[in-house]
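See below for the structure under consideration.
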Amino acid sequence: MTGKRYLVTITLLFFLQIIQSQEVYHFTKGFVISGVTRYGREAIYTDQLAYQLFLKTLETPADKKLFGKNEAGQDIVWQAIVADSLNRFRTRGSGFGGGAGGYYYLPYQSDKEATALLNIKGNSSVFFNGEPHGGDAYSLGWLVIPVKIKKGLNELFVRAGQFTADVQFLNKNNFISIADSTLPSVVLSHDNSRLQGAVVVVNASGKELNGLVMRSSVNGNVQNSNIPSIPAMSARKIIFSINASGVSSIGTVSCKLSLLDKDKSIDEKTISLDVVESSAKYSETFISDIDGSLQYYAVTPQLNGPQKNAALFLSVHGAGVEAIGQARAYQSKDWGTLVAATNRRPRGFNWEDWGRIDALEVLNIAKQKFNPDPQHIYLTGHSMGGHGTWFLGSTYPDKWAAIGACSGYPTLKGYGSADGLIPDSSRSAAEQILLRGSNPSDVLKLVNNYKTLGVYILHGDADKTVSVNYARQMRKLLGEFHTDLSYYEYPNGEHWFGDQSVDWKPMFDFFKWHQLAADSSFDKIEFTTASPGISSSYRWTAIEQQEHPLLYAKINLNRNRKSGTITGSTENVVVLKLDLKEFSKNKNITITLDNSPAINFTNEQADSVYLLKENGKWKITGVPFAKEKSPARYGTFKDPFNHHMVFIYATGGSAEENQWSRDKARFDAETWYYRANGAVDIVADKDYFYDKYEGRNVILYGNANNNTAWKKLLGDCPIQIEKNRITAGQQSFTGDDLAAYFTWPIKQSTINSVGVIGGTGLKGMQATLGNQYFAGGSGFADYMIFSLDMLAKGSAGIKMTGYFDNQWRIDLNEAFVLK
């Protein structure tokens, strides 16, 4: 779903300038197989090549050599392949993920050891001499991976469709890469003395880099920024400060960057910053609470300057579109400011998961910066951003006066895009539990949440990228009950029919006569959520806990302030919070829910009340214990990848286990960087102390025997991974090939969690390869225990998966256990 005007183009000119290479080797010959993997928007994945690699049964490929059998019992045979004149590998009919789930084998003979950068464009991932590394799935060209070339045979197994691959030999191990920069605009009349940018620093040496400084200089104004540690043989995007206060002319201004080691420059680069008038569209950076990395949003300023209590429009872009490109498609409005969030990347997370959080971060920043009228906040987006509009609109219906979905699709179950569809259902009991984790993204189940919103739908009737049938589907669903719906099909309109594809005057006119009503005017509440951890509150109510985690929870309430009553029904709700501020103090209030006996009390505090459903009856309760599940920490394995998480690798195991732990942490960090424009601290277990990392989530790699941080974080957890054994409550599983993903609350905190990626032995640890948890909308439970066999047999390899109850106990009623 790429707007034609804003197709992302990345030139390799910058890349070729930064590496200062002595030699470039282009891969042109190899071997290919297909039909051996299945990766998508779910926790379960299969990868028969990785399975053989981990079992050490993978034989060196050759032309016409048998690899194995597919599900239909047919032979899978390696075939020789030669790159085309552009050094591009491709097979007839191959698509994303490599010729129906395929791998390419690329051998490279070297007569000596060397340090190089591996640059592959178009792949999902790669094994380089057995080590997993991230992929450049969208062929952007700037993912640089330092590798050690060994003397003799070097082997690459590339999971890809069509791609190019080369290695570039280095004469400098530590340097700046500016190909993937996150930069602010210099806006004249703004305070430009404390701007921030981000670039990649590459460490192609065998030791961790510490104590480096990035110096920026703009027109003689110098700023020094300390750089966080960068592990050996890795790259990291780092933040630096900029003082552009002396800039006075529009255009561009040069910013010189110097990488300093003890005041000695080890590399220098020059970047350009856009300088614009305050009336022009511009980019502004901020530090994200998700991971502490630098992100940006773009602004289309209000005509004639920002006015207090004007409107605010949040625009969410399509796949492959930069936020600044999105902002430039809109003309300035005389009645409000438009801000465009990034979704972390032009494709990012489809506005789900961390894309959702990015949108909320930008919304909150924009509210503080532009001080809009809280009754005039609107949401709109195009293509993937049309999906983002449907998703964010149904998930947070009390944040918007109206929404406008342009050329969008409602769900990833129905459209999918690059990572594929979210499965709609499964015959596997284990997979059914896991797919619950995708329920928050199913807009069609949340459709009643639009009831109080103004909704505008715009779609070209000749759209071949996102069919107009998606718009008609939503018109039909909403038409059954919605009383404030406007719909327009643009005649002969393709996916992008000019800037009016997003900047559609009738839609903004529709927005103009809508305002967000105050909570005091809402005496009837109807709200659905699949996870209080994603969306719990609506107006004067909040669903704090569910009976069945990640199944849909619903409330339908009526408030009568004059008679002092609240009545209604609930579904799958255990703890409900009611705000009573609209009732007068000392008012006698009666609450009747679900035909349960009425609750009578006097509203002495004029604040709020918590209700607990126990044995089918509602009663007043206190504030839930902070250690229980709550909207601030509700679970699923994805939850720990937040709150400035830190990756903790093991050092207390065998040499192979320790190497796996470092490699896996680096692989996840590379994937996170690529998908999320992110940066993560990677720390050894012996260097982790809670006080040092207080307030931060943890991702822990390994098990209780080899990761020394385990007891500090997981000593009270009912799931324990040890050598050759996993216990989960009363369940026990043995073998050296078992793996687990799970989340657990950090006991010193009320919001922080640890996420565990581990195994009972090297084979079990290797089974955690597939980081599908970074795919937008993919479903994960609180815990999942599986064997290496999952890579060959899919869901049949799952031993146990499920959700903790509200006290973080294993509940077999909410779990699958292999019998």
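Residue names in the structure tokens use chain letters A, B, ... in the order shown, residue numbers from 1 in each chain, and ligand numbers from 1 in the order shown.
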Practice item. Would you please give, as an MDAnalysis selection string, all residues of segment 500-668 of chain A that DSSP assigns to alpha helix (DSSP H) based on the backbone? Key: chainID A and resid 505:512 655:668
Check your understanding: Contacts of segment 772-782 of chain A at 9 Å or less, counting only C-alpha atoms, minus same-chain residues fewer than 6 places along, as a PyMOL selection string?
Key -> chain A and resi 39-45+348-355+412+419+422+433-441+550+635-638+668+671-672+675-676+741-744+801-804
Contacts between segment 144-147 of chain A and segment 624-669 of chain A, please, where a residue of segment 624-669 of chain A counts if it comes within 12 Å (with only C-alpha atoms); show its shortest atom pair and distance in Å to one decimal, rows by chain and ascending number, as a tab-separated table.
```
residue	atom	partner	partner_atom	distance
A:Asp663	CA	A:Val147	CA	11.9
A:Arg666	CA	A:Ile145	CA	10.5
A:Phe667	CA	A:Ile145	CA	10.3
A:Ala669	CA	A:Ile145	CA	11.7
```
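The residue set within 8 Å of segment 646-651 of chain A, counting only C-alpha atoms and dropping same-chain residues fewer than 3 places from it, reads Glu657, Asn658, Ser661, Arg662, Ala665, Val680, Asp681, Ile682, Val683, Ala684, Asp685, Lys686, Tyr688, Arg696, Asn697, Val698, Ile699, Leu700, Tyr701, Gly702, Asn706, Asn707, Thr708 and Ala709 of chain A.
Omitting Ser520 of chain A and its sequence neighbours fewer than 5 positions away, and counting only C-alpha atoms, the residues within 10 Å are Arg539, Trp540, Arg561, Lys581, Glu582 and Phe583 of chain A.
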Check your understanding: What separation in Å, quoted to one decimal, exists between atom CA of His190 of chain A and atom CA of Ala298 of chain A?
Key -> 14.9 Å
Could you list, as a short mmCIF file (atom, residue, chain, number, x, y, z; two decimals) with all heavy atoms, in the first residue's frame, every residue within 10 Å of Val167 of chain A, counting only C-alpha atoms and ignoring same-chain residues fewer than 3 positions away?
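Result file part_35.cif:
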```cif
data_model
loop_
_atom_site.label_atom_id
_atom_site.label_comp_id
_atom_site.auth_asym_id
_atom_site.auth_seq_id
_atom_site.Cartn_x
_atom_site.Cartn_y
_atom_site.Cartn_z
N SER A 21 35.79 0.96 1.64
CA SER A 21 36.17 -0.44 1.44
C SER A 21 37.40 -0.56 0.55
O SER A 21 37.66 0.26 -0.31
CB SER A 21 35.02 -1.21 0.82
OG SER A 21 34.68 -0.66 -0.42
N GLU A 23 37.71 -3.60 -1.00
CA GLU A 23 37.26 -4.55 -2.02
C GLU A 23 35.81 -4.91 -1.76
O GLU A 23 35.38 -4.97 -0.61
CB GLU A 23 38.13 -5.81 -1.94
CG GLU A 23 37.77 -6.88 -2.96
CD GLU A 23 38.57 -8.15 -2.73
OE1 GLU A 23 39.51 -8.14 -1.92
OE2 GLU A 23 38.21 -9.15 -3.39
N VAL A 24 35.06 -5.11 -2.82
CA VAL A 24 33.68 -5.56 -2.72
C VAL A 24 33.54 -6.85 -3.49
O VAL A 24 33.95 -6.94 -4.65
CB VAL A 24 32.70 -4.50 -3.26
CG1 VAL A 24 31.27 -5.03 -3.20
CG2 VAL A 24 32.82 -3.19 -2.51
N TYR A 25 32.97 -7.86 -2.85
CA TYR A 25 32.72 -9.13 -3.52
C TYR A 25 31.22 -9.30 -3.69
O TYR A 25 30.47 -9.29 -2.70
CB TYR A 25 33.29 -10.30 -2.71
CG TYR A 25 32.96 -11.65 -3.32
CD1 TYR A 25 33.72 -12.16 -4.36
CD2 TYR A 25 31.86 -12.38 -2.87
CE1 TYR A 25 33.40 -13.40 -4.94
CE2 TYR A 25 31.54 -13.61 -3.43
CZ TYR A 25 32.31 -14.10 -4.47
OH TYR A 25 32.00 -15.31 -5.05
N HIS A 26 30.77 -9.45 -4.93
CA HIS A 26 29.36 -9.66 -5.23
C HIS A 26 29.10 -11.15 -5.41
O HIS A 26 29.76 -11.82 -6.20
CB HIS A 26 28.96 -8.94 -6.52
CG HIS A 26 29.16 -7.46 -6.46
ND1 HIS A 26 28.39 -6.63 -5.70
CD2 HIS A 26 30.09 -6.67 -7.08
CE1 HIS A 26 28.80 -5.38 -5.85
NE2 HIS A 26 29.82 -5.38 -6.67
N PHE A 27 28.13 -11.68 -4.68
CA PHE A 27 27.73 -13.07 -4.87
C PHE A 27 26.93 -13.19 -6.17
O PHE A 27 26.00 -12.42 -6.41
CB PHE A 27 26.89 -13.55 -3.70
CG PHE A 27 27.66 -13.75 -2.42
CD1 PHE A 27 27.74 -12.73 -1.48
CD2 PHE A 27 28.32 -14.94 -2.17
CE1 PHE A 27 28.45 -12.90 -0.31
CE2 PHE A 27 29.04 -15.12 -1.00
CZ PHE A 27 29.11 -14.10 -0.07
N TYR A 108 31.42 -19.02 -0.09
CA TYR A 108 32.49 -18.07 -0.38
C TYR A 108 33.79 -18.62 0.18
O TYR A 108 33.92 -18.89 1.38
CB TYR A 108 32.18 -16.70 0.25
CG TYR A 108 33.32 -15.72 0.09
CD1 TYR A 108 33.63 -15.19 -1.16
CD2 TYR A 108 34.10 -15.34 1.18
CE1 TYR A 108 34.69 -14.30 -1.32
CE2 TYR A 108 35.15 -14.46 1.03
CZ TYR A 108 35.44 -13.95 -0.22
OH TYR A 108 36.49 -13.07 -0.38
N THR A 115 37.82 -8.92 8.11
CA THR A 115 36.61 -8.27 8.63
C THR A 115 35.88 -7.61 7.48
O THR A 115 36.50 -6.96 6.63
CB THR A 115 36.96 -7.21 9.69
OG1 THR A 115 37.70 -7.83 10.75
CG2 THR A 115 35.71 -6.59 10.27
N ALA A 116 34.58 -7.78 7.44
CA ALA A 116 33.83 -7.25 6.31
C ALA A 116 32.43 -6.84 6.77
O ALA A 116 31.98 -7.17 7.87
CB ALA A 116 33.73 -8.30 5.19
N LEU A 117 31.76 -6.12 5.90
CA LEU A 117 30.34 -5.82 6.09
C LEU A 117 29.54 -6.68 5.13
O LEU A 117 29.83 -6.73 3.94
CB LEU A 117 30.04 -4.35 5.79
CG LEU A 117 30.57 -3.30 6.77
CD1 LEU A 117 30.09 -1.93 6.34
CD2 LEU A 117 30.15 -3.60 8.18
N LEU A 118 28.55 -7.37 5.68
CA LEU A 118 27.63 -8.14 4.86
C LEU A 118 26.46 -7.24 4.53
O LEU A 118 25.83 -6.65 5.41
CB LEU A 118 27.16 -9.37 5.64
CG LEU A 118 26.13 -10.26 4.95
CD1 LEU A 118 26.71 -10.88 3.68
CD2 LEU A 118 25.66 -11.36 5.92
N ASN A 119 26.18 -7.10 3.23
CA ASN A 119 25.07 -6.25 2.80
C ASN A 119 24.19 -7.06 1.85
O ASN A 119 24.58 -7.33 0.71
CB ASN A 119 25.58 -4.99 2.11
CG ASN A 119 24.46 -4.05 1.73
OD1 ASN A 119 24.30 -3.70 0.57
ND2 ASN A 119 23.67 -3.62 2.70
N ILE A 120 23.01 -7.45 2.35
CA ILE A 120 22.05 -8.19 1.54
C ILE A 120 20.79 -7.34 1.45
O ILE A 120 20.29 -6.85 2.47
CB ILE A 120 21.73 -9.57 2.15
CG1 ILE A 120 23.01 -10.37 2.38
CG2 ILE A 120 20.78 -10.35 1.25
CD1 ILE A 120 22.79 -11.72 3.03
N VAL A 144 23.70 -2.70 7.66
CA VAL A 144 25.09 -3.14 7.60
C VAL A 144 25.35 -4.11 8.74
O VAL A 144 25.03 -3.83 9.90
CB VAL A 144 26.06 -1.95 7.66
CG1 VAL A 144 25.96 -1.12 6.39
CG2 VAL A 144 25.82 -1.07 8.87
N ILE A 145 25.92 -5.27 8.43
CA ILE A 145 26.16 -6.31 9.41
C ILE A 145 27.64 -6.67 9.40
O ILE A 145 28.14 -7.24 8.43
CB ILE A 145 25.31 -7.56 9.10
CG1 ILE A 145 23.81 -7.22 9.19
CG2 ILE A 145 25.66 -8.70 10.04
CD1 ILE A 145 22.91 -8.35 8.77
N PRO A 146 28.38 -6.33 10.44
CA PRO A 146 29.80 -6.71 10.50
C PRO A 146 29.93 -8.22 10.67
O PRO A 146 29.23 -8.84 11.48
CB PRO A 146 30.31 -5.97 11.74
CG PRO A 146 29.29 -4.95 12.08
CD PRO A 146 27.98 -5.50 11.60
N VAL A 147 30.83 -8.83 9.91
CA VAL A 147 31.07 -10.27 10.01
C VAL A 147 32.56 -10.55 9.93
O VAL A 147 33.33 -9.75 9.40
CB VAL A 147 30.35 -11.05 8.89
CG1 VAL A 147 28.84 -10.98 9.04
CG2 VAL A 147 30.77 -10.56 7.51
N ILE A 149 35.09 -12.92 8.24
CA ILE A 149 35.35 -13.91 7.19
C ILE A 149 36.45 -14.85 7.69
O ILE A 149 37.50 -14.39 8.14
CB ILE A 149 35.81 -13.22 5.89
CG1 ILE A 149 34.78 -12.19 5.42
CG2 ILE A 149 36.10 -14.26 4.82
CD1 ILE A 149 33.50 -12.76 4.92
N LEU A 170 36.87 -4.15 4.92
CA LEU A 170 37.07 -2.86 5.57
C LEU A 170 38.54 -2.57 5.86
O LEU A 170 39.33 -3.47 6.12
CB LEU A 170 36.31 -2.83 6.91
CG LEU A 170 34.80 -3.06 6.84
CD1 LEU A 170 34.23 -3.14 8.23
CD2 LEU A 170 34.13 -1.93 6.05
#
```
Check your understanding: Hey, which of A:Gln326, A:Ser417, A:Ser407, A:Gln432 ends up closest to Tyr487 of chain A? Count only C-alpha atoms.
Key ->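 Checking each candidate against Tyr487 of chain A, we get A:Ser407 as the closest.
Residues of segment 55-93 of chain A assigned to strand (DSSP E or B) by DSSP on this structure's backbone: Leu66, Phe67, Gly68, Lys69, Asp75, Ile76, Val77, Gln79, Ala80, Ile81, Val82, Arg88 and Phe89 of chain A.
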Exercise for review: Tell me which protein, DNA and RNA residues are within 10 Å of segment 575-580 of chain A, counting only C-alpha atoms, leaving out same-chain ones fewer than 4 positions away, and put them as a VMD selection string.
Suggested key: chain A and resid 536 to 537 539 to 547 555 561 566 570 584 to 585 587 589 603 605 to 614 618 to 621 623 to 624 630 806
Filtering to C-alpha atoms, could you give me those residues as a tab-separated table (two decimals), in the first residue's frame?
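Saved result, out_23.tsv, follows:
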```tsv
chain	number	residue	atom	x	y	z
A	536	SER	CA	-9.09	-0.64	29.15
A	537	SER	CA	-10.91	2.64	29.70
A	539	ARG	CA	-15.23	7.57	29.33
A	540	TRP	CA	-16.17	6.99	33.01
A	541	THR	CA	-15.49	3.25	32.98
A	542	ALA	CA	-12.49	0.95	32.86
A	543	ILE	CA	-12.23	-2.82	32.45
A	544	GLU	CA	-9.36	-3.68	34.78
A	545	GLN	CA	-9.35	-7.47	34.58
A	546	GLN	CA	-10.98	-10.19	32.48
A	547	GLU	CA	-12.18	-13.65	33.45
A	555	ILE	CA	-19.78	-3.58	29.01
A	561	ARG	CA	-27.38	10.82	37.90
A	566	ILE	CA	-25.97	2.58	37.26
A	570	THR	CA	-21.01	-7.16	31.35
A	584	SER	CA	-22.89	14.68	43.75
A	585	LYS	CA	-20.97	14.05	46.95
A	587	LYS	CA	-25.23	10.77	46.87
A	589	ILE	CA	-25.96	5.23	44.54
A	603	ASN	CA	-20.67	8.32	47.39
A	605	GLN	CA	-15.43	10.53	48.17
A	606	ALA	CA	-17.04	11.55	44.85
A	607	ASP	CA	-14.21	9.73	43.10
A	608	SER	CA	-14.37	6.14	41.87
A	609	VAL	CA	-15.31	2.64	42.92
A	610	TYR	CA	-13.94	-0.79	42.02
A	611	LEU	CA	-16.28	-3.73	41.57
A	612	LEU	CA	-15.30	-7.40	41.69
A	613	LYS	CA	-17.34	-10.24	40.19
A	614	GLU	CA	-17.03	-13.29	42.40
A	618	TRP	CA	-20.75	-8.23	41.93
A	619	LYS	CA	-19.44	-6.56	45.08
A	620	ILE	CA	-17.42	-3.51	46.03
A	621	THR	CA	-13.71	-4.18	46.35
A	623	VAL	CA	-8.04	-1.10	44.40
A	624	PRO	CA	-6.58	-4.32	42.95
A	630	SER	CA	-3.64	-4.55	35.48
A	806	ASN	CA	-5.09	-12.24	37.32
```
Exercise for review: Can you work out the spacing between atom CA of Ser245 of chain A and atom CA of Gln196 of chain A in Å, to one decimal?
Suggested key: 12.7 Å
Practice item. Measure the distance from atom CA of Lys207 of chain A to atom CA of Pro231 of chain A in Å and round it to one decimal. Key: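 If I compute the distance from atom CA of Lys207 of chain A to atom CA of Pro231 of chain A, I get 6.9 Å.
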Study note, to complete from the structure: Shortest contact to Ala244 of chain A, candidates A:Leu140, A:Leu58, A:Val186, A:Val817, atoms counted only C-alpha atoms, goes to A:Val186
Check your understanding: Quick one: of A:Gln766, A:Ile227, A:Phe786, A:Thr389, who's nearest to Thr734 of chain A, counting only C-alpha atoms?
Key -> A:Phe786
Exercise for review: Go through A:Asn221, A:Asn556, A:Ser428, A:Asn173 and flag the residue nearest Ala235 of chain A, using only C-alpha atoms for the distances.
Suggested key: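 Distance minimum relative to Ala235 of chain A lands on A:Asn173.
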